[in-house]
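Below is query.cif, which holds mmCIF, C-alpha atoms.
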```cif
data_final
loop_
_atom_site.label_atom_id
_atom_site.label_comp_id
_atom_site.auth_asym_id
_atom_site.auth_seq_id
_atom_site.Cartn_x
_atom_site.Cartn_y
_atom_site.Cartn_z
CA MET A 293 96.82 103.41 66.81
CA THR A 294 99.47 105.83 65.64
CA GLU A 295 100.78 106.07 62.12
CA LYS A 296 103.97 107.25 63.70
CA THR A 297 104.87 103.63 64.43
CA ARG A 298 105.66 101.15 61.70
CA VAL A 299 106.66 97.56 62.47
CA GLU A 300 107.98 95.30 59.72
CA VAL A 301 108.11 91.55 60.19
CA ARG A 302 111.23 90.00 58.71
CA SER A 303 112.20 86.36 58.53
CA THR A 304 115.65 85.04 59.38
CA ASP A 305 117.69 81.97 58.48
CA ARG A 306 116.03 80.20 61.36
CA PRO A 307 112.38 79.25 60.98
CA ASP A 308 111.84 79.73 64.72
CA ALA A 309 113.22 83.28 64.87
CA SER A 310 111.76 86.46 63.40
CA VAL A 311 112.74 90.10 63.45
CA LEU A 312 110.36 92.98 64.13
CA ARG A 313 111.92 96.10 62.66
CA ILE A 314 110.50 99.13 64.50
CA VAL A 315 110.48 102.44 62.64
CA GLY A 316 109.36 105.74 64.12
CA GLU A 317 108.21 105.96 67.70
CA ILE A 318 107.00 103.74 70.51
CA THR A 319 104.36 105.16 72.79
CA SER A 320 101.26 103.71 74.37
CA GLY A 321 99.54 104.47 71.06
CA SER A 322 101.79 101.99 69.28
CA GLU A 323 100.02 98.97 70.72
CA LYS A 324 98.17 97.85 67.60
CA PRO A 325 101.02 97.85 65.09
CA LEU A 326 103.39 96.23 67.58
CA MET A 327 101.00 93.53 68.79
CA ASP A 328 99.77 92.80 65.26
CA ALA A 329 103.33 92.34 64.06
CA PHE A 330 104.14 90.13 67.04
CA ALA A 331 101.09 87.96 66.34
CA GLN A 332 102.15 87.66 62.70
CA ALA A 333 105.67 86.59 63.67
CA VAL A 334 104.44 84.06 66.20
CA GLY A 335 101.80 82.80 63.80
CA GLY A 336 104.63 82.10 61.37
CA GLY A 337 106.29 79.80 63.91
CA ALA A 338 108.69 82.15 65.69
CA ARG A 339 109.73 81.10 69.19
CA THR A 340 112.23 83.94 69.41
CA VAL A 341 111.21 87.44 68.39
CA ILE A 342 114.02 89.92 67.87
CA LEU A 343 113.01 93.55 68.27
CA ASP A 344 115.16 95.72 65.99
CA PHE A 345 115.15 99.25 67.33
CA GLY A 346 117.45 100.58 64.61
CA GLY A 347 114.71 102.78 63.18
CA LEU A 348 113.44 104.11 66.51
CA ASP A 349 113.54 107.87 66.94
CA TYR A 350 111.30 108.46 69.94
CA MET A 351 110.11 106.50 72.96
CA ASN A 352 108.37 107.79 76.05
CA SER A 353 107.53 105.98 79.28
CA GLY A 354 104.29 104.74 77.76
CA GLY A 355 106.38 102.97 75.17
CA ILE A 356 108.40 101.20 77.84
CA GLY A 357 105.16 100.06 79.45
CA LEU A 358 104.01 98.69 76.10
CA LEU A 359 107.23 96.69 75.80
CA VAL A 360 106.55 95.15 79.21
CA THR A 361 103.06 94.06 78.21
CA LEU A 362 104.53 92.60 75.03
CA LEU A 363 107.08 90.78 77.17
CA VAL A 364 104.36 89.35 79.39
CA ARG A 365 102.47 88.13 76.33
CA ALA A 366 105.61 86.51 74.94
CA GLN A 367 106.44 84.79 78.23
CA ARG A 368 102.90 83.50 78.60
CA GLN A 369 103.08 81.93 75.14
CA GLY A 370 106.55 80.52 75.68
CA GLN A 371 108.31 82.93 73.32
CA ARG A 372 111.48 84.87 73.98
CA LEU A 373 112.17 88.54 73.26
CA LEU A 374 115.59 89.87 72.32
CA ALA A 375 116.64 93.38 71.28
CA VAL A 376 119.10 94.74 68.72
CA GLY A 377 119.71 98.14 67.16
CA LEU A 378 119.69 100.08 70.45
CA ASP A 379 121.93 103.11 70.45
CA ASP A 380 123.56 104.40 73.63
CA HIS A 381 120.53 106.50 74.56
CA TYR A 382 118.04 103.64 74.33
CA ARG A 383 120.43 101.17 75.98
CA GLN A 384 120.51 103.59 78.89
CA ILE A 385 116.73 103.62 79.02
CA PHE A 386 116.66 99.83 79.07
CA SER A 387 119.19 99.96 81.91
CA LEU A 388 117.36 102.70 83.82
CA THR A 389 114.05 100.81 83.68
CA ARG A 390 115.81 97.47 84.21
CA LEU A 391 114.06 96.15 81.13
CA ASP A 392 117.45 94.75 80.13
CA GLU A 393 117.05 92.15 82.88
CA ALA A 394 114.20 90.59 80.94
CA ILE A 395 114.96 91.39 77.30
CA GLY A 396 118.43 90.33 76.22
CA ILE A 397 120.31 92.98 74.26
CA HIS A 398 122.63 92.07 71.41
CA ASP A 399 124.86 94.05 69.09
CA SER A 400 123.53 92.47 65.93
CA THR A 401 120.73 90.37 64.56
CA ALA A 402 123.23 87.59 63.89
CA ALA A 403 124.32 87.61 67.52
CA ALA A 404 120.70 87.58 68.66
CA ILE A 405 119.89 84.66 66.39
CA GLY A 406 122.93 82.86 67.78
CA ALA A 407 121.48 83.33 71.24
CA ALA A 408 118.08 82.06 70.15
CA VAL A 409 118.71 78.51 71.31
CA MET B 222 131.57 95.53 71.67
CA THR B 223 129.91 98.73 70.60
CA ALA B 224 126.32 99.85 70.37
CA THR B 225 124.79 101.28 67.23
CA GLU B 226 126.06 104.76 66.31
CA PRO B 227 124.19 107.40 68.31
CA ARG B 228 121.69 109.62 66.55
CA PRO B 229 119.60 112.48 67.81
CA SER B 230 116.41 111.54 69.61
CA ARG B 231 113.45 113.76 70.44
CA ASP B 232 113.17 112.21 73.88
CA THR B 233 116.78 112.57 75.03
CA ASP B 234 116.15 115.32 77.58
CA SER B 235 113.03 113.68 78.99
CA TRP B 236 114.67 110.57 80.39
CA ALA B 237 116.75 110.23 83.54
CA ARG B 238 120.22 108.76 83.30
CA PRO B 239 120.66 105.24 84.64
CA VAL B 240 121.57 105.18 88.30
CA ASP B 241 122.83 102.22 90.27
CA ARG B 242 121.88 103.48 93.75
CA LEU B 243 119.47 106.28 94.58
CA THR B 244 120.26 109.53 96.37
CA THR B 245 117.92 112.41 97.13
CA THR B 246 117.89 116.13 97.81
CA ALA B 247 114.43 115.93 99.36
CA SER B 248 114.01 116.43 103.08
CA GLY B 249 111.30 116.51 105.67
CA ALA B 250 110.44 112.84 105.86
CA GLY B 251 110.96 111.04 109.15
CA MET B 252 113.18 108.39 107.64
CA ASP B 253 115.20 108.15 104.44
CA THR B 254 114.82 104.53 103.34
CA VAL B 255 115.69 105.40 99.76
CA THR B 256 119.34 106.44 99.72
CA GLY B 257 121.48 103.52 98.59
CA ARG B 258 118.56 101.54 97.23
CA ARG B 259 117.99 100.48 93.63
CA ALA B 260 114.99 101.48 91.56
CA VAL B 261 112.61 98.63 90.73
CA GLY B 262 109.89 98.30 88.13
CA PRO B 263 107.14 95.76 87.48
CA ILE B 264 109.68 93.29 86.12
CA GLN B 265 111.37 93.09 89.52
CA GLY B 266 108.17 92.76 91.57
CA PHE B 267 106.55 89.69 93.14
CA GLY B 268 102.76 89.85 92.78
CA GLN B 269 100.40 89.73 89.85
CA MET B 270 100.93 92.55 87.36
CA TRP B 271 98.19 95.14 87.10
CA GLN B 272 97.70 97.93 84.62
CA LYS B 273 95.51 100.59 86.17
CA THR B 274 94.22 103.67 84.38
CA PHE B 275 92.42 106.49 86.15
CA SER B 276 91.22 109.54 84.27
CA VAL B 277 89.13 112.64 84.81
CA ARG B 278 87.73 115.02 82.20
CA LEU B 279 88.20 118.69 83.03
CA ASP B 280 85.01 119.91 81.39
CA GLY B 281 84.78 123.65 81.12
CA VAL B 282 88.39 124.18 82.11
CA ASP B 283 90.42 126.32 79.76
CA MET B 284 93.79 124.65 80.19
CA THR B 285 95.97 122.88 77.69
CA PRO B 286 97.50 119.52 78.62
CA GLU B 287 100.86 121.26 79.00
CA GLN B 288 99.41 123.85 81.38
CA LEU B 289 97.72 121.17 83.45
CA VAL B 290 100.87 119.08 83.76
CA ALA B 291 102.87 122.18 84.75
CA HIS B 292 100.25 122.90 87.43
CA TRP B 293 100.34 119.27 88.55
CA LYS B 294 104.12 119.19 88.85
CA GLU B 295 104.24 122.47 90.73
CA ARG B 296 101.62 121.55 93.32
CA PHE B 297 101.99 117.78 93.26
CA PRO B 298 102.10 117.19 97.04
CA THR B 299 98.88 119.12 97.59
CA PHE B 300 96.80 116.72 95.53
CA TRP B 301 97.63 113.67 97.57
CA PRO B 302 94.93 112.31 99.86
CA LYS B 303 95.06 113.18 103.53
CA GLY B 304 97.51 111.04 105.45
CA ALA B 305 100.05 110.78 102.68
CA ARG B 306 103.01 113.10 102.32
CA PHE B 307 105.22 113.81 99.33
CA TYR B 308 108.55 115.58 99.87
CA ALA B 309 109.74 116.97 96.57
CA PRO B 310 113.41 117.18 95.63
CA LEU B 311 114.99 120.63 95.45
CA SER B 312 114.75 120.76 91.66
CA GLY B 313 111.13 119.63 91.64
CA ILE B 314 109.75 116.89 89.45
CA ALA B 315 112.45 116.47 86.80
CA PRO B 316 114.21 113.47 85.26
CA GLY B 317 116.61 111.85 87.70
CA GLU B 318 115.22 113.49 90.82
CA VAL B 319 114.19 111.40 93.83
CA ALA B 320 111.32 112.37 96.10
CA LEU B 321 110.55 110.98 99.55
CA LEU B 322 107.13 109.75 100.62
CA GLU B 323 105.29 108.88 103.79
CA VAL B 324 102.25 106.78 103.06
CA GLN B 325 100.28 104.03 104.65
CA ALA B 326 101.86 100.77 103.55
CA VAL B 327 98.38 99.52 102.92
CA PRO B 328 95.72 102.24 102.79
CA GLY B 329 93.80 102.18 106.05
CA ALA B 330 96.55 100.44 107.99
CA PRO B 331 98.07 102.11 111.06
CA ILE B 332 101.64 101.52 109.84
CA ARG B 333 103.10 104.30 107.73
CA MET B 334 105.84 103.58 105.26
CA SER B 335 108.72 105.92 104.53
CA THR B 336 109.88 105.43 100.99
CA GLY B 337 110.30 107.41 97.78
CA VAL B 338 110.14 107.52 94.01
CA LEU B 339 112.58 108.20 91.17
CA VAL B 340 111.44 110.44 88.33
CA ILE B 341 112.49 108.43 85.29
CA TYR B 342 110.68 110.50 82.66
CA ALA B 343 109.27 113.99 82.41
CA ASP B 344 108.18 116.09 79.46
CA SER B 345 105.62 118.85 79.03
CA GLU B 346 102.67 116.46 78.95
CA SER B 347 103.61 113.68 81.34
CA PHE B 348 105.96 112.47 84.03
CA THR B 349 106.71 108.99 85.31
CA PHE B 350 107.82 107.66 88.66
CA MET B 351 109.68 104.41 89.33
CA THR B 352 109.62 102.92 92.81
CA PRO B 353 112.67 101.98 94.92
CA GLU B 354 113.45 98.74 96.69
CA GLY B 355 111.37 98.70 99.87
CA HIS B 356 108.31 100.37 98.40
CA ALA B 357 105.13 98.30 98.68
CA LEU B 358 104.91 98.29 94.89
CA SER B 359 107.39 97.64 92.11
CA ALA B 360 105.89 100.02 89.63
CA TRP B 361 105.98 102.68 86.99
CA ILE B 362 103.33 105.35 87.53
CA THR B 363 102.69 107.91 84.80
CA PHE B 364 100.84 111.18 85.27
CA SER B 365 99.71 112.80 82.05
CA ALA B 366 97.23 115.04 80.31
CA PHE B 367 95.87 114.98 76.77
CA HIS B 368 93.14 116.42 74.60
CA ASP B 369 89.91 114.51 74.05
CA GLY B 370 88.10 116.70 71.57
CA GLU B 371 87.91 120.12 73.15
CA THR B 372 88.45 118.83 76.68
CA THR B 373 91.66 118.26 78.57
CA VAL B 374 91.81 114.94 80.39
CA ALA B 375 94.12 114.18 83.31
CA GLN B 376 95.26 110.60 83.74
CA VAL B 377 97.20 108.42 86.14
CA GLN B 378 98.37 105.10 84.77
CA ALA B 379 100.21 102.50 86.82
CA LEU B 380 101.91 99.31 85.72
CA GLU B 381 102.62 97.54 88.97
CA ARG B 382 103.28 94.40 90.95
CA THR B 383 103.31 94.25 94.72
CA SER B 384 106.89 93.96 95.86
CA ASP B 385 106.67 91.00 98.21
CA PRO B 386 104.30 88.25 99.45
CA ILE B 387 103.17 90.21 102.51
CA ILE B 388 102.00 93.17 100.45
CA GLU B 389 100.47 90.78 97.91
CA LEU B 390 98.43 89.21 100.68
CA SER B 391 97.22 92.64 101.76
CA TYR B 392 96.32 93.39 98.15
CA ILE B 393 94.18 90.25 97.98
CA PHE B 394 92.32 91.31 101.12
CA GLY B 395 91.39 94.81 100.01
CA GLY B 396 94.65 96.65 99.58
CA ASN B 397 94.33 96.64 95.79
CA LYS B 398 91.00 98.47 95.85
CA MET B 399 92.26 100.85 98.49
CA ASN B 400 95.22 101.68 96.28
CA ASP B 401 92.72 102.51 93.52
CA ARG B 402 90.93 104.89 95.88
CA PHE B 403 94.23 106.70 96.50
CA TRP B 404 94.65 107.63 92.84
CA GLU B 405 90.97 108.35 92.36
CA LYS B 406 91.12 110.81 95.23
CA THR B 407 94.31 112.35 93.84
CA LEU B 408 92.63 113.04 90.51
CA ASP B 409 89.55 114.33 92.28
CA ASN B 410 91.72 116.79 94.20
CA LEU B 411 93.54 117.83 91.03
CA ALA B 412 90.30 118.45 89.15
CA ARG B 413 88.85 120.49 92.00
CA SER B 414 92.01 122.59 92.09
CA VAL B 415 91.14 123.84 88.58
CA ASP B 416 87.53 124.47 89.56
CA VAL B 417 85.82 121.34 88.36
CA ALA B 418 82.90 121.24 90.77
CA ALA B 419 81.96 117.56 90.59
CA PRO B 420 84.78 115.55 89.03
CA GLU B 421 84.00 112.10 87.68
CA VAL B 422 87.01 109.85 87.86
CA VAL B 423 86.87 106.84 85.56
CA SER B 424 88.88 103.76 86.54
CA GLN B 425 89.99 100.79 84.50
CA LYS B 426 92.01 97.89 85.84
CA VAL B 427 93.45 94.93 83.95
CA CYS B 428 95.44 92.04 85.34
CA VAL B 429 98.17 91.85 82.74
CA ASP B 430 99.93 88.87 84.29
CA ARG B 431 98.29 86.52 86.77
CA ARG B 432 101.53 84.80 87.63
CA ARG B 433 103.39 85.65 90.80
CA GLN B 434 107.16 85.83 90.52
CA TRP B 435 108.29 83.62 93.40
CA GLY B 436 111.88 84.27 92.47
CA HIS B 437 111.36 87.79 93.83
CA ALA B 438 109.75 86.76 97.13
CA GLY B 439 113.00 87.79 98.80
CA ASN B 440 112.09 91.44 98.13
CA VAL B 441 110.52 91.32 101.58
CA ARG B 442 113.96 91.85 103.08
CA HIS B 443 113.88 95.42 101.68
CA SER B 444 110.36 96.17 102.87
CA ALA B 445 110.04 99.75 104.10
CA ALA B 446 106.71 98.84 105.67
CA LEU B 447 108.29 96.02 107.63
CA SER B 448 111.25 98.08 108.78
CA THR B 449 108.93 100.92 109.78
CA ALA B 450 106.72 98.49 111.69
CA ILE B 451 109.69 96.93 113.46
CA GLY B 452 111.05 100.36 114.24
CA THR B 453 107.72 101.42 115.66
CA LEU B 454 107.35 98.30 117.79
CA THR B 455 110.89 98.46 119.16
CA ALA B 456 110.83 102.22 119.84
CA PRO B 457 109.89 101.76 123.53
CA LEU B 458 112.83 99.39 124.02
CA ARG B 459 115.23 101.89 122.49
CA TRP B 460 113.76 104.65 124.67
CA LEU B 461 114.30 102.55 127.78
CA ARG B 462 117.84 101.76 126.72
CA ARG B 463 118.65 105.42 126.15
CA ARG B 464 117.01 106.34 129.46
CA GLY B 465 118.98 103.66 131.28
CA ALA B 466 122.20 104.87 129.70
CA SER B 467 121.66 108.50 130.65
CA SER B 468 120.59 107.81 134.27
CA GLY B 469 123.51 105.42 134.80
CA THR B 470 126.05 108.09 133.87
CA GLY B 471 124.38 111.22 135.31
CA GLY B 472 123.65 112.49 131.80
CA SER B 473 127.18 112.21 130.40
CA SER B 474 127.31 111.85 126.67
CA THR B 475 130.16 109.37 126.97
CA GLY B 476 128.54 107.27 129.63
CA THR B 477 129.47 103.78 130.64
CA GLY B 478 127.45 100.87 131.88
CA VAL B 479 125.33 100.79 128.76
#
```
Render the structure in this file as structure tokens.
Amino acid sequence: MTEKTRVEVRSTDRPDASVLRIVGEITSGSEKPLMDAFAQAVGGGARTVILDFGGLDYMNSGGIGLLVTLLVRAQRQGQRLLAVGLDDHYRQIFSLTRLDEAIGIHDSTAAAIGAAV
Amino acid sequence: MTATEPRPSRDTDSWARPVDRLTTTASGAGMDTVTGRRAVGPIQGFGQMWQKTFSVRLDGVDMTPEQLVAHWKERFPTFWPKGARFYAPLSGIAPGEVALLEVQAVPGAPIRMSTGVLVIYADSESFTFMTPEGHALSAWITFSAFHDGETTVAQVQALERTSDPIIELSYIFGGNKMNDRFWEKTLDNLARSVDVAAPEVVSQKVCVDRRRQWGHAGNVRHSAALSTAIGTLTAPLRWLRRRGASSGTGGSSTGTGV
């Protein structure tokens, strides 16, 4: 576990959608805080989990791998992952790794919630 | 529609820029099956998803993780097992560069596959490859080094799916284990290159997703292994055709009767 990763679980207007606000970095060492937060959100009834990358300041390739394992877990449990808060640099990484083909990217939390049908 | 305002990131220089179709400055491989292809990761693959981690402790070796990774990048092709070839791009292993490979499509098989890899990430302690359409695997493979106490550890970690049903079948019948041996041997070679006499490679393998993605079964149309096999099998026919063309025209390069 790294203390360099903080993940805050936030509720939304919809009881079936939660936001995970990521602050700091995402690397392979971020597994515990990210998975714990995901479990908390899902345990609270979320079917859609919105990853807010607005506080992200570093991600390496291990972090991208971690997002894929999170995606697999979500798909297996019937949940959906969406992303907001990505700046140009991180949108490019999502495009480069083609992660954007599996995690929908939105310009705002409101837009993501609107897509959480 | 605009993205969030950009802000400085510590990893900006370590990532490649997105690329729609791959090109390469590498040369030496028999075929270039990479130019014009797209990069694919485990999300775009067909088979079950595996996370594989191979590591070796470099006990007694006075090298920092940064020094080891620099050594690994510089001499990368020399650590590959016999029978596999890595043709580095002109700029070496750096973000955005594309290398060419010649490997057995399935370790132990007589058919060799010409393919490549895109370097999507590289910093002083790690570098990551992403495979192109046609490669047997749809994968991200990360090579890294880190401290464990006083000892530097070298690691290869792959997050992979086989690309198509044919490769998945070969994986079920031994190809998966043989792929493990490839990376174990690579780390063994790396460790010996820094004078570790008897390296002990530790392997860990987890099936992250047991589901096969049938929507990607069509990846087989890109298969470098299949195109190499077809090319190999039809080579005699092409030789005969060329021979027939040249004898029919007395060796003219603009012959008729072809």
| request: Give the residues of chain A that lie within 7 Å of chain B; count only C-alpha atoms, and format the answer as an MDAnalysis selection string. | output: chainID A and resid 349:353 364 377:380 384 387:389 399
| query | In terms of the shortest atom-to-atom distance over all atoms listed in the file, which of B:Leu243, B:Cys428, B:Ala357, B:Ile387 is closest to Val324 in chain B? | reply |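 Looking only at the distances to Val324 in chain B, the closest residue turns out to be B:Ala357.
Residue nearest Gly355 in chain A within the list A:Gln369, A:Thr297, A:Ser310, A:Ser400: A:Thr297 [criterion: smallest interatomic distance, only C-alpha atoms].
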| request: Compare A:Phe330, A:Asp344, A:Gln371, A:Leu362 by their minimum atom-to-atom distance to Gly316 in chain A, counting all atoms listed in the file, and give me the closest one. | output: A:Asp344
| task | Give me the result of the PyMOL selection byres ((chain A and resi 302) around 9) on this file, residue by residue, as number ranges by chain. | result | A: 300-301, 303-304, 310-313, 333
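Put simply, the PyMOL selection byres ((chain A and resi 320) around 9) on this file hits Met293, Ile318, Thr319, Gly321, Ser322, Glu323, Asn352, Ser353, Gly354, Gly355, Ile356, Gly357 and Leu358 of chain A.
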Would you compute the box with edges along x, y and z of the file around range 371-384 of chain B, including every atom the file lists for it and 5 Å extra on each side, and give its centre and edge lengths in Å to one decimal, as lines of an AutoDock Vina configuration file?
```
center_x = 97.4
center_y = 107.0
center_z = 84.5
size_x = 29.0
size_y = 36.2
size_z = 32.7
```
| Spatial neighbours of range 295-308 of chain B, max dist 12 Å, only C-alpha atoms, sep filter under 5 positions, as a ChimeraX atom specification | /B:245-253,288-290,313-315,318-338,348,364,399-415
| task | Would you kindly translate the PyMOL selection byres ((chain B and resi 436) around 12) into the concrete residues it picks from this file, as a ChimeraX atom specification? | result | /B:264-268,384-386,432-435,437-441
| query | How far is it from CA of Arg259 in chain B to CA of Leu363 in chain A, in Å with one decimal? | reply |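 Answer for the CA of Arg259 in chain B to CA of Leu363 in chain A separation: 22.0 Å.
CA of Ala375 in chain A sits 13.6 Å away from CA of Arg390 in chain A.
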| Between CA of Gly347 in chain A and CA of Val315 in chain A, what is the distance, to one decimal in Å? |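 Pair CA of Gly347 in chain A / CA of Val315 in chain A returns 4.3 Å.
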Output range 333-348 of chain A as a short mmCIF file (atom, residue, chain, number, x, y, z; two decimals), in the frame of the given file, making sure N, CA and C atoms are there.
```
data_model
loop_
_atom_site.label_atom_id
_atom_site.label_comp_id
_atom_site.auth_asym_id
_atom_site.auth_seq_id
_atom_site.Cartn_x
_atom_site.Cartn_y
_atom_site.Cartn_z
N ALA A 333 104.40 87.32 63.54
CA ALA A 333 105.67 86.59 63.67
C ALA A 333 105.46 85.25 64.37
N VAL A 334 104.69 85.29 65.44
CA VAL A 334 104.44 84.06 66.20
C VAL A 334 103.60 83.09 65.38
N GLY A 335 102.65 83.64 64.65
CA GLY A 335 101.80 82.80 63.80
C GLY A 335 102.62 82.09 62.72
N GLY A 336 103.74 82.70 62.36
CA GLY A 336 104.63 82.10 61.37
C GLY A 336 105.59 81.09 61.97
N GLY A 337 105.48 80.83 63.27
CA GLY A 337 106.29 79.80 63.91
C GLY A 337 107.44 80.31 64.74
N ALA A 338 107.55 81.62 64.93
CA ALA A 338 108.69 82.15 65.69
C ALA A 338 108.56 81.82 67.17
N ARG A 339 109.64 81.29 67.75
CA ARG A 339 109.73 81.10 69.19
C ARG A 339 110.57 82.21 69.81
N THR A 340 111.42 82.80 68.99
CA THR A 340 112.23 83.94 69.41
C THR A 340 111.88 85.11 68.51
N VAL A 341 111.54 86.23 69.14
CA VAL A 341 111.21 87.44 68.39
C VAL A 341 112.26 88.49 68.72
N ILE A 342 112.94 88.95 67.69
CA ILE A 342 114.02 89.92 67.87
C ILE A 342 113.49 91.30 67.51
N LEU A 343 113.48 92.19 68.49
CA LEU A 343 113.01 93.55 68.27
C LEU A 343 114.19 94.39 67.79
N ASP A 344 114.08 94.89 66.57
CA ASP A 344 115.16 95.72 65.99
C ASP A 344 114.76 97.18 66.14
N PHE A 345 115.46 97.86 67.03
CA PHE A 345 115.15 99.25 67.33
C PHE A 345 115.97 100.23 66.49
N GLY A 346 116.58 99.73 65.43
CA GLY A 346 117.45 100.58 64.61
C GLY A 346 116.76 101.77 63.99
N GLY A 347 115.44 101.68 63.78
CA GLY A 347 114.71 102.78 63.18
C GLY A 347 113.92 103.62 64.17
N LEU A 348 114.19 103.40 65.46
CA LEU A 348 113.44 104.11 66.51
C LEU A 348 113.97 105.52 66.67
#
```
